[in-house]
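Text of query39.cif, listed as mmCIF, C-alpha atoms:
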data_input
loop_
_atom_site.group_PDB
_atom_site.id
_atom_site.type_symbol
_atom_site.label_atom_id
_atom_site.label_comp_id
_atom_site.auth_asym_id
_atom_site.auth_seq_id
_atom_site.Cartn_x
_atom_site.Cartn_y
_atom_site.Cartn_z
ATOM 1 C CA VAL A 1 69.291 -1.882 -111.886
ATOM 2 C CA VAL A 2 67.103 -0.859 -108.971
ATOM 3 C CA ASP A 3 63.595 0.372 -109.690
ATOM 4 C CA HIS A 4 59.958 -0.264 -108.863
ATOM 5 C CA GLY A 5 58.656 -3.786 -109.485
ATOM 6 C CA PRO A 6 56.182 -2.992 -112.289
ATOM 7 C CA ARG A 7 58.857 -1.194 -114.291
ATOM 8 C CA LEU A 8 61.334 -4.044 -113.821
ATOM 9 C CA VAL A 9 58.725 -6.587 -114.951
ATOM 10 C CA ASP A 10 58.007 -4.471 -118.054
ATOM 11 C CA TRP A 11 61.714 -4.305 -118.884
ATOM 12 C CA VAL A 12 61.978 -8.094 -118.615
ATOM 13 C CA ALA A 13 58.937 -8.440 -120.902
ATOM 14 C CA GLU A 14 60.426 -6.138 -123.550
ATOM 15 C CA GLY A 15 63.868 -7.785 -123.307
ATOM 16 C CA SER A 16 65.746 -4.829 -121.760
ATOM 17 C CA LEU A 17 66.516 -6.996 -118.715
ATOM 18 C CA ASP A 18 67.194 -10.727 -118.615
ATOM 19 C CA ALA A 19 65.677 -11.098 -115.152
ATOM 20 C CA ALA A 20 64.441 -9.163 -112.143
ATOM 21 C CA PHE A 21 63.879 -9.949 -108.484
ATOM 22 C CA VAL A 22 60.590 -8.401 -107.379
ATOM 23 C CA ALA A 23 58.104 -8.791 -104.542
ATOM 24 C CA ILE A 24 54.989 -8.110 -106.631
ATOM 25 C CA ALA A 25 55.065 -10.984 -109.140
ATOM 26 C CA GLY A 26 52.295 -12.853 -107.329
ATOM 27 C CA GLN A 27 50.189 -9.692 -106.993
ATOM 28 C CA ILE A 28 50.040 -8.631 -110.640
ATOM 29 C CA GLU A 29 49.244 -10.248 -113.966
ATOM 30 C CA LEU A 30 52.596 -10.939 -115.568
ATOM 31 C CA PRO A 31 52.897 -9.991 -119.250
ATOM 32 C CA LYS A 32 52.669 -12.710 -121.886
ATOM 33 C CA GLY A 33 55.949 -14.552 -122.267
ATOM 34 C CA VAL A 34 57.088 -13.732 -118.700
ATOM 35 C CA THR A 35 57.155 -16.125 -115.759
ATOM 36 C CA GLY A 36 57.907 -15.833 -112.068
ATOM 37 C CA GLN A 37 59.397 -18.273 -109.612
ATOM 38 C CA VAL A 38 59.225 -17.671 -105.865
ATOM 39 C CA VAL A 39 62.656 -17.399 -104.258
ATOM 40 C CA GLY A 40 61.282 -17.188 -100.719
ATOM 41 C CA VAL A 41 59.491 -15.087 -98.146
ATOM 42 C CA ASP A 42 61.294 -11.958 -96.983
ATOM 43 C CA ARG A 43 60.089 -11.957 -93.375
ATOM 44 C CA ILE A 44 59.224 -8.623 -91.837
ATOM 45 C CA GLY A 45 61.442 -7.584 -88.965
ATOM 46 C CA VAL A 46 61.696 -4.628 -86.637
ATOM 47 C CA LEU A 47 64.627 -2.233 -86.655
ATOM 48 C CA ALA A 48 64.949 -0.543 -83.285
ATOM 49 C CA PRO A 49 67.283 2.437 -83.652
ATOM 50 C CA ALA A 50 69.514 3.425 -80.735
ATOM 51 C CA THR A 51 67.127 6.366 -80.244
ATOM 52 C CA CYS A 52 64.217 3.934 -79.616
ATOM 53 C CA ASP A 53 63.612 2.161 -76.300
ATOM 54 C CA LEU A 54 61.766 -0.819 -77.866
ATOM 55 C CA HIS A 55 63.257 -4.101 -76.609
ATOM 56 C CA SER A 56 60.744 -6.721 -77.726
ATOM 57 C CA THR A 57 57.895 -7.217 -80.158
ATOM 58 C CA ASP A 58 55.443 -7.874 -77.340
ATOM 59 C CA ARG A 59 52.081 -6.167 -77.886
ATOM 60 C CA ARG A 60 52.642 -4.017 -74.781
ATOM 61 C CA GLN A 61 55.896 -2.674 -76.233
ATOM 62 C CA PHE A 62 54.084 -1.444 -79.379
ATOM 63 C CA ALA A 63 51.014 0.046 -77.690
ATOM 64 C CA GLY A 64 50.808 3.826 -78.004
ATOM 65 C CA ARG A 65 53.833 4.121 -80.288
ATOM 66 C CA THR A 66 54.281 5.477 -83.764
ATOM 67 C CA VAL A 67 55.801 2.780 -85.957
ATOM 68 C CA ILE A 68 57.382 3.535 -89.325
ATOM 69 C CA THR A 69 56.377 0.922 -91.930
ATOM 70 C CA TYR A 70 57.735 0.017 -95.342
ATOM 71 C CA THR A 71 57.287 -2.997 -97.586
ATOM 72 C CA THR A 72 58.405 -3.957 -101.083
ATOM 73 C CA ASP A 73 55.056 -5.241 -102.314
ATOM 74 C CA TYR A 74 51.407 -4.175 -102.296
ATOM 75 C CA SER A 75 50.721 -5.314 -98.728
ATOM 76 C CA GLY A 76 51.320 -1.934 -97.070
ATOM 77 C CA GLU A 77 47.730 -1.581 -95.863
ATOM 78 C CA GLU A 78 47.779 -5.101 -94.428
ATOM 79 C CA LEU A 79 51.075 -4.420 -92.646
ATOM 80 C CA ASP A 80 49.709 -1.150 -91.260
ATOM 81 C CA GLY A 81 46.618 -3.044 -90.045
ATOM 82 C CA ARG A 82 48.800 -5.481 -88.123
ATOM 83 C CA VAL A 83 50.631 -2.560 -86.516
ATOM 84 C CA VAL A 84 47.275 -1.004 -85.536
ATOM 85 C CA ALA A 85 46.182 -4.341 -84.040
ATOM 86 C CA LEU A 86 49.174 -4.061 -81.691
ATOM 87 C CA GLY A 87 47.927 -0.675 -80.485
ATOM 88 C CA ALA A 88 50.427 1.393 -82.468
ATOM 89 C CA THR A 89 50.014 4.099 -85.093
ATOM 90 C CA PRO A 90 51.636 3.239 -88.438
ATOM 91 C CA TYR A 91 53.400 5.857 -90.515
ATOM 92 C CA ARG A 92 54.133 4.486 -93.983
ATOM 93 C CA ALA A 93 57.374 5.620 -95.579
ATOM 94 C CA ALA A 94 57.859 5.954 -99.344
ATOM 95 C CA THR A 95 61.245 4.202 -99.400
ATOM 96 C CA ALA A 96 63.280 1.927 -97.160
ATOM 97 C CA GLU A 97 65.922 4.595 -96.646
ATOM 98 C CA THR A 98 63.284 7.144 -95.667
ATOM 99 C CA ALA A 99 61.812 4.677 -93.175
ATOM 100 C CA VAL A 100 65.161 4.068 -91.495
ATOM 101 C CA ARG A 101 66.142 7.737 -91.435
ATOM 102 C CA LEU A 102 62.778 8.737 -89.944
ATOM 103 C CA GLY A 103 63.006 5.960 -87.360
ATOM 104 C CA ARG A 104 66.448 7.092 -86.239
ATOM 105 C CA LEU A 105 65.587 10.785 -86.258
ATOM 106 C CA LEU A 106 62.301 10.414 -84.377
ATOM 107 C CA GLY A 107 63.174 7.410 -82.191
ATOM 108 C CA HIS A 108 60.494 5.154 -83.694
ATOM 109 C CA PRO A 109 60.740 1.449 -84.504
ATOM 110 C CA VAL A 110 60.792 0.573 -88.203
ATOM 111 C CA VAL A 111 58.877 -2.438 -89.518
ATOM 112 C CA MET A 112 60.223 -3.622 -92.892
ATOM 113 C CA PRO A 113 61.448 -6.689 -94.837
ATOM 114 C CA ARG A 114 64.494 -8.201 -93.150
ATOM 115 C CA SER A 115 66.649 -8.207 -96.303
ATOM 116 C CA LEU A 116 66.363 -4.415 -96.355
ATOM 117 C CA LEU A 117 66.544 -4.094 -92.588
ATOM 118 C CA ARG A 118 69.910 -5.857 -92.640
ATOM 119 C CA THR A 119 71.135 -3.536 -95.396
ATOM 120 C CA TYR A 120 70.457 -0.471 -93.250
ATOM 121 C CA LEU A 121 71.229 -1.924 -89.802
ATOM 122 C CA ALA A 122 73.892 0.151 -88.029
ATOM 123 C CA ASP A 123 76.026 -1.048 -85.107
ATOM 124 C CA SER A 124 73.901 0.977 -82.698
ATOM 125 C CA ASP A 125 70.590 -0.435 -84.023
ATOM 126 C CA ARG A 126 68.889 -3.633 -82.867
ATOM 127 C CA GLU A 127 67.053 -6.123 -85.058
ATOM 128 C CA LEU A 128 64.003 -7.644 -83.408
ATOM 129 C CA VAL A 129 62.602 -10.743 -85.098
ATOM 130 C CA THR A 130 58.877 -11.369 -84.986
ATOM 131 C CA PRO A 131 56.499 -13.813 -86.662
ATOM 132 C CA ARG A 132 53.647 -11.260 -86.352
ATOM 133 C CA PHE A 133 53.986 -9.531 -89.691
ATOM 134 C CA GLY A 134 54.600 -12.211 -92.349
ATOM 135 C CA GLY A 135 56.434 -10.773 -95.314
ATOM 136 C CA PRO A 136 56.512 -10.300 -99.078
ATOM 137 C CA ARG A 137 57.331 -13.190 -101.420
ATOM 138 C CA LEU A 138 60.388 -12.370 -103.490
ATOM 139 C CA SER A 139 60.238 -13.820 -107.002
ATOM 140 C CA LEU A 140 62.594 -14.148 -109.922
ATOM 141 C CA VAL A 141 60.904 -12.857 -113.078
ATOM 142 C CA THR A 142 62.282 -13.959 -116.472
ATOM 143 C CA ARG A 143 61.162 -14.465 -120.024
ATOM 144 C CA VAL A 144 59.951 -17.968 -120.917
ATOM 145 C CA PRO A 145 61.789 -20.292 -120.761
ATOM 146 C CA THR A 146 63.818 -19.428 -117.669
ATOM 147 C CA ALA A 147 67.518 -20.053 -118.290
ATOM 148 C CA PRO A 148 68.892 -22.943 -116.186
ATOM 149 C CA TYR A 149 71.542 -20.726 -114.557
ATOM 150 C CA TRP A 150 68.812 -18.536 -113.061
ATOM 151 C CA LYS A 151 66.964 -21.552 -111.671
ATOM 152 C CA SER A 152 70.149 -22.943 -110.150
ATOM 153 C CA ALA A 153 70.930 -19.576 -108.493
ATOM 154 C CA LEU A 154 67.620 -19.375 -106.592
ATOM 155 C CA PRO A 155 68.646 -21.386 -103.493
ATOM 156 C CA THR A 156 71.817 -19.315 -103.128
ATOM 157 C CA VAL A 157 69.945 -16.018 -103.513
ATOM 158 C CA GLY A 158 67.369 -17.153 -100.964
ATOM 159 C CA ARG A 159 70.048 -18.140 -98.448
ATOM 160 C CA GLU A 160 72.067 -14.944 -98.929
ATOM 161 C CA LEU A 161 68.985 -12.786 -98.370
ATOM 162 C CA GLY A 162 67.828 -14.841 -95.390
ATOM 163 C CA LEU A 163 64.530 -15.804 -97.063
ATOM 164 C CA SER A 164 62.333 -18.655 -95.899
ATOM 165 C CA GLY A 165 60.572 -21.151 -98.204
ATOM 166 C CA GLY A 166 60.756 -20.854 -101.978
ATOM 167 C CA SER A 167 60.867 -22.889 -105.176
ATOM 168 C CA ALA A 168 57.133 -22.505 -105.951
ATOM 169 C CA HIS A 169 56.010 -21.027 -109.266
ATOM 170 C CA THR A 170 53.982 -17.835 -109.337
#
Encoded form using structure tokens:
Amino acid sequence: VVDHGPRLVDWVAEGSLDAAFVAIAGQIELPKGVTGQVVGVDRIGVLAPATCDLHSTDRRQFAGRTVITYTTDYSGEELDGRVVALGATPYRAATAETAVRLGRLLGHPVVMPRSLLRTYLADSDRELVTPRFGGPRLSLVTRVPTAPYWKSALPTVGRELGLSGGSAHT
């Protein structure tokens, strides 16, 4: 099931879902009987479509550009602020797919979590890695107590998604 984080957390709380992976668990008050465990940080990357001449994440490369932004948590304003600090104008997209489509159509770089970036990366696109933007913390949300099989799956999920860090409780 794919949906917005708050709805997924509510479904876990009511028992409609056994677990959910969300990026907002550390930014909201989880319902009673629900717990979250950080899987890792989903670093923000830059998707440079073939229609975009961006070749690095150097400040000079961003200056004067429009940059499409998208994130999976509530840090959109912070991400946009970091883009502004590089001299660019952020344009926040409502969904990851919208961000990528707009970037390709208009020739703008797209700043978004790398797990999503890799999902949408086409052969003609380039992925530029940068430490500038941080990234959302992806968490596993379950009812209490968390089943052992979920806990044992966390390192594998983190590796498969290319996350950094993890294993801390939210």
On this file, the PyMOL selection byres ((chain A and resi 55-69) around 6) gives some set of residues; write that set as a PyMOL selection string.
chain A and resi 54+70+86-92+99+108-111
Would you translate the PyMOL selection byres ((chain A and resi 145-151) around 12) into the concrete set of residues it matches in this file, as an MDAnalysis selection string?
chainID A and resid 12 18:21 32:39 139:144 152:158 166:169
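When atom CA of A:Ala93 is paired with atom CA of A:Pro113, their separation reads 13.0 Å.
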Smallest atom-to-atom distance to A:Thr72: which of A:Arg101, A:Arg132, A:Arg114, A:Arg159, using only C-alpha atoms?
A:Arg114
Could you jot down the atom CA of A:Gly107 to atom CA of A:Arg43 separation for me, Å, one decimal place?
22.6 Å
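You will find atom CA of A:Glu160 at 26.7 Å from atom CA of A:Gly15.
Counting all atoms listed in the file, the residue from A:Arg126, A:Arg82, A:Arg137, A:Arg118 that sits nearest to A:Glu97 is A:Arg118.
Residues in contact with A:Gly5 at up to 8 Å, not including ones fewer than 2 positions away on its chain and judged by all atoms listed in the file, are Asp3, Arg7, Leu8, Val9, Val22, Ala23 and Ile24 of chain A.
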Selected residues written out with C-alpha atoms, as a compact mmCIF listing (two decimals), in the coordinates of the input:
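This went into out.txt:
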# COMPACT_ATOMS: atom_id res chain seq x y z
CA ASP A 3 63.60 0.37 -109.69
CA ARG A 7 58.86 -1.19 -114.29
CA LEU A 8 61.33 -4.04 -113.82
CA VAL A 9 58.72 -6.59 -114.95
CA VAL A 22 60.59 -8.40 -107.38
CA ALA A 23 58.10 -8.79 -104.54
CA ILE A 24 54.99 -8.11 -106.63
Would you please take stretch 21-32 of chain A of the structure in the block above and write all heavy atoms to a file as a PDB file, in the first residue's frame?
ATOM      1  N   PHE A  21       6.466   1.884   6.360  1.00  0.00           N
ATOM      2  CA  PHE A  21       7.726   2.617   6.276  1.00  0.00           C
ATOM      3  C   PHE A  21       7.368   4.051   5.918  1.00  0.00           C
ATOM      4  O   PHE A  21       6.776   4.295   4.866  1.00  0.00           O
ATOM      5  CB  PHE A  21       8.654   2.005   5.221  1.00  0.00           C
ATOM      6  CG  PHE A  21       9.213   0.681   5.635  1.00  0.00           C
ATOM      7  CD1 PHE A  21       8.589  -0.503   5.247  1.00  0.00           C
ATOM      8  CD2 PHE A  21      10.348   0.609   6.427  1.00  0.00           C
ATOM      9  CE1 PHE A  21       9.100  -1.729   5.643  1.00  0.00           C
ATOM     10  CE2 PHE A  21      10.858  -0.609   6.823  1.00  0.00           C
ATOM     11  CZ  PHE A  21      10.232  -1.784   6.432  1.00  0.00           C
ATOM     12  N   VAL A  22       7.698   4.983   6.809  1.00  0.00           N
ATOM     13  CA  VAL A  22       7.354   6.384   6.609  1.00  0.00           C
ATOM     14  C   VAL A  22       8.531   7.272   6.994  1.00  0.00           C
ATOM     15  O   VAL A  22       9.395   6.873   7.773  1.00  0.00           O
ATOM     16  CB  VAL A  22       6.100   6.792   7.422  1.00  0.00           C
ATOM     17  CG1 VAL A  22       4.877   5.992   6.995  1.00  0.00           C
ATOM     18  CG2 VAL A  22       6.328   6.649   8.908  1.00  0.00           C
ATOM     19  N   ALA A  23       8.526   8.482   6.457  1.00  0.00           N
ATOM     20  CA  ALA A  23       9.600   9.436   6.754  1.00  0.00           C
ATOM     21  C   ALA A  23       9.180  10.474   7.785  1.00  0.00           C
ATOM     22  O   ALA A  23       9.953  11.352   8.110  1.00  0.00           O
ATOM     23  CB  ALA A  23      10.049  10.133   5.471  1.00  0.00           C
ATOM     24  N   ILE A  24       7.973  10.371   8.319  1.00  0.00           N
ATOM     25  CA  ILE A  24       7.470  11.393   9.238  1.00  0.00           C
ATOM     26  C   ILE A  24       7.392  10.934  10.685  1.00  0.00           C
ATOM     27  O   ILE A  24       6.993  11.697  11.554  1.00  0.00           O
ATOM     28  CB  ILE A  24       6.072  11.880   8.802  1.00  0.00           C
ATOM     29  CG1 ILE A  24       5.093  10.708   8.817  1.00  0.00           C
ATOM     30  CG2 ILE A  24       6.133  12.579   7.454  1.00  0.00           C
ATOM     31  CD1 ILE A  24       3.647  11.118   8.900  1.00  0.00           C
ATOM     32  N   ALA A  25       7.769   9.700  10.972  1.00  0.00           N
ATOM     33  CA  ALA A  25       7.570   9.146  12.321  1.00  0.00           C
ATOM     34  C   ALA A  25       8.229   9.998  13.401  1.00  0.00           C
ATOM     35  O   ALA A  25       7.678  10.141  14.489  1.00  0.00           O
ATOM     36  CB  ALA A  25       8.076   7.710  12.399  1.00  0.00           C
ATOM     37  N   GLY A  26       9.369  10.572  13.123  1.00  0.00           N
ATOM     38  CA  GLY A  26      10.048  11.416  14.095  1.00  0.00           C
ATOM     39  C   GLY A  26       9.539  12.845  14.118  1.00  0.00           C
ATOM     40  O   GLY A  26      10.006  13.653  14.925  1.00  0.00           O
ATOM     41  N   GLN A  27       8.578  13.177  13.259  1.00  0.00           N
ATOM     42  CA  GLN A  27       8.070  14.541  13.163  1.00  0.00           C
ATOM     43  C   GLN A  27       6.635  14.679  13.658  1.00  0.00           C
ATOM     44  O   GLN A  27       6.084  15.773  13.639  1.00  0.00           O
ATOM     45  CB  GLN A  27       8.166  15.019  11.704  1.00  0.00           C
ATOM     46  CG  GLN A  27       9.591  15.076  11.205  1.00  0.00           C
ATOM     47  CD  GLN A  27       9.655  15.356   9.717  1.00  0.00           C
ATOM     48  OE1 GLN A  27       8.872  14.825   8.933  1.00  0.00           O
ATOM     49  NE2 GLN A  27      10.583  16.217   9.328  1.00  0.00           N
ATOM     50  N   ILE A  28       6.038  13.551  14.049  1.00  0.00           N
ATOM     51  CA  ILE A  28       4.663  13.577  14.547  1.00  0.00           C
ATOM     52  C   ILE A  28       4.603  12.831  15.871  1.00  0.00           C
ATOM     53  O   ILE A  28       5.526  12.083  16.220  1.00  0.00           O
ATOM     54  CB  ILE A  28       3.667  12.933  13.544  1.00  0.00           C
ATOM     55  CG1 ILE A  28       3.981  11.448  13.351  1.00  0.00           C
ATOM     56  CG2 ILE A  28       3.653  13.676  12.221  1.00  0.00           C
ATOM     57  CD1 ILE A  28       2.905  10.674  12.577  1.00  0.00           C
ATOM     58  N   GLU A  29       3.519  13.010  16.587  1.00  0.00           N
ATOM     59  CA  GLU A  29       3.276  12.207  17.788  1.00  0.00           C
ATOM     60  C   GLU A  29       2.598  10.921  17.330  1.00  0.00           C
ATOM     61  O   GLU A  29       1.501  10.958  16.750  1.00  0.00           O
ATOM     62  CB  GLU A  29       2.385  12.963  18.763  1.00  0.00           C
ATOM     63  CG  GLU A  29       2.205  12.221  20.068  1.00  0.00           C
ATOM     64  CD  GLU A  29       1.409  13.020  21.083  1.00  0.00           C
ATOM     65  OE1 GLU A  29       1.404  14.261  20.999  1.00  0.00           O
ATOM     66  OE2 GLU A  29       0.799  12.380  21.956  1.00  0.00           O
ATOM     67  N   LEU A  30       3.274   9.807  17.567  1.00  0.00           N
ATOM     68  CA  LEU A  30       2.706   8.526  17.155  1.00  0.00           C
ATOM     69  C   LEU A  30       1.546   8.168  18.077  1.00  0.00           C
ATOM     70  O   LEU A  30       1.591   8.450  19.280  1.00  0.00           O
ATOM     71  CB  LEU A  30       3.769   7.434  17.200  1.00  0.00           C
ATOM     72  CG  LEU A  30       4.907   7.573  16.185  1.00  0.00           C
ATOM     73  CD1 LEU A  30       5.974   6.511  16.416  1.00  0.00           C
ATOM     74  CD2 LEU A  30       4.381   7.491  14.761  1.00  0.00           C
ATOM     75  N   PRO A  31       0.508   7.532  17.536  1.00  0.00           N
ATOM     76  CA  PRO A  31      -0.631   7.135  18.370  1.00  0.00           C
ATOM     77  C   PRO A  31      -0.205   6.143  19.457  1.00  0.00           C
ATOM     78  O   PRO A  31       0.801   5.442  19.324  1.00  0.00           O
ATOM     79  CB  PRO A  31      -1.579   6.454  17.371  1.00  0.00           C
ATOM     80  CG  PRO A  31      -1.157   6.922  16.027  1.00  0.00           C
ATOM     81  CD  PRO A  31       0.312   7.196  16.125  1.00  0.00           C
ATOM     82  N   LYS A  32      -0.996   6.087  20.511  1.00  0.00           N
ATOM     83  CA  LYS A  32      -0.742   5.146  21.599  1.00  0.00           C
ATOM     84  C   LYS A  32      -0.722   3.720  21.045  1.00  0.00           C
ATOM     85  O   LYS A  32      -1.544   3.361  20.201  1.00  0.00           O
ATOM     86  CB  LYS A  32      -1.826   5.282  22.667  1.00  0.00           C
ATOM     87  CG  LYS A  32      -1.566   4.445  23.884  1.00  0.00           C
ATOM     88  CD  LYS A  32      -2.610   4.680  24.942  1.00  0.00           C
ATOM     89  CE  LYS A  32      -2.260   3.797  26.137  1.00  0.00           C
ATOM     90  NZ  LYS A  32      -3.214   3.967  27.217  1.00  0.00           N
TER      91      LYS A  32
END
